[in-house]
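A.B. asks: Starting off with a structure, shown below.
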Amino acid sequence: MNTEIIVHPKLQHFGLTTANLETMIDWYRKVLGMTVNHRSAAPTGSQKEPSLSAVWLSNDEVNHRIAFVELPGLIVDPDKSRHERLQHVAFEYQTIDDLLGTYARLKGSGILPVLAADQGLQTAFYYSDPDQNSIELNVNNYGNEWTATEHMKTSISFAARPMGAYVDPDKMVAARKAGASAWELHERAFAGEFVPLKAYDPRVLL
């Protein structure tokens with residue numbers, strides 16, 4: 001054991017408290033394909049807290065990616081934007097078709113992003129879950145992490161506007177169906193061709 005070496009662990013899961021457990025499970029099942037791996041009515045090991053319960057969910061081979069702890073009586077904080085907190089959590093797709101296909105699928109269920117943008121190194125759609133947590137779905141426009149990291153470190157355009165260009169996902173879907181390549185789609189989006197009809201309010205992410 002070398003105590004001088006910094007070991008780089010990978011992010012495995014995050015946990016959220018909620019008063020709307022079933023609603024949250026349903027939303028994350030629809031949006032991210034999460035399945036419940038375990039439920040507990042006594043996650044602390046004590047039977048003296050009958051109102052406390054927890055659920056562990058995953059959408060891959062890891063035992064859990066999200067943990068929900070249900071605490072009845074919790075309310076949405078109307079001053080959330082004025083408090084320190086976890087600002088958003090992101091999930092990455094492998095291709096733009098995965099991202100756009102997910103957008104179309106969720107739109108059919110009435111779930112729409114609150115903001116969408118081509119940020120140069122990635123295209124990202126932001127959603128709000130039932131408890132108003134911000135969930136980002138994105139795709140690396142370069143297809144590899146090294147190039148995206150170099151873009152973030154050296155791009156003048158990224159330094160000038162990290163959020164990039166706001167986009168209308170429906171316009172991107174239409175362009176993709178019309179034959180635009182993934183890279184062409186990114187270039188056209190970043191150039192401002194797919195501007196949404198109604199301007200986004202970036203404060204929804206704050």
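Each chain in the structure tokens gets a letter, A, B and so on, in the order shown; residues start at 1 in every chain, and ligands are counted from 1 in the order they appear.
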Identify, on the basis of only C-alpha atoms, every residue whose closest approach to segment 117-123 of chain A does not exceed 9 Å; exclude the query and any residue fewer than 6 positions from it along the same chain; express the result as JSON, numbers by chain.
C.D. replies: {"A": [96, 99, 137, 138, 139, 140, 141, 142, 147, 148, 149, 151, 152, 155, 157, 158, 161, 162, 163, 164, 165, 166, 167, 168, 169, 186, 187, 189, 190]}
A.B. asks: Mind listing the strand (DSSP E) residues of segment 2-202 of chain A, per DSSP on the backbone, as a PyMOL selection string?
C.D. replies: chain A and resi 14-18+35-40+53-58+66-70+89-93+115-118+122-128+134-140+165-166
A.B. asks: Counting only C-alpha atoms, which residue out of A:Asp26, A:Asp170, A:Glu150, A:Glu145 sits closest to Gln94 of chain A?
C.D. replies: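 Between A:Asp26, A:Asp170, A:Glu150, A:Glu145, the residue approaching Gln94 of chain A most closely is A:Glu145.
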A.B. asks: Between atom CA of Arg176 of chain A and atom CA of Val195 of chain A, what is the spacing in Å?
C.D. replies: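 Spanning atom CA of Val195 of chain A to atom CA of Arg176 of chain A is a straight-line distance of 15.4 Å.
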A.B. asks: Looking at A:Arg65, A:Glu70, A:His38, A:Ser81, which one is nearest to Lys10 of chain A, with distances taken over only C-alpha atoms?
C.D. replies: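 The shortest atom-to-atom distance to Lys10 of chain A comes from A:Arg65.
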A.B. asks: Which of these, A:Val89, A:Val114, A:Ala160, A:Val173, has the shortest distance to Val204 of chain A once you count only C-alpha atoms?
C.D. replies: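 Looking at the shortest contact to Val204 of chain A, the residue is A:Val114.
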A.B. asks: Would you kindly return, as JSON, numbers by chain, each protein, DNA or RNA residue with an atom no farther than 10 Å from any atom of Arg29 of chain A, considering only C-alpha atoms and excluding same-chain residues fewer than 6 positions away?
C.D. replies: {"A": [23, 35, 36, 57, 58, 59]}
A.B. asks: Taking only C-alpha atoms into account, name the residue in A:Ser53, A:Ser109, A:Gln87, A:Gln12 that is nearest to Leu71 of chain A.
C.D. replies: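 When distances to Leu71 of chain A are compared using only C-alpha atoms, the smallest one comes from A:Ser53.
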A.B. asks: Using only C-alpha atoms, which residues sit within 10 Å of Ser40 of chain A once same-chain residues fewer than 5 positions away are excluded, as a ChimeraX atom specification?
C.D. replies: /A:45,52-56,69
A.B. asks: Of the candidates A:Ala124, A:Met24, A:Ala182, A:Leu100, which shows the shortest atom-to-atom distance to Ile66 of chain A, using only C-alpha atoms?
C.D. replies: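 Checking each candidate against Ile66 of chain A, we get A:Met24 as the closest.
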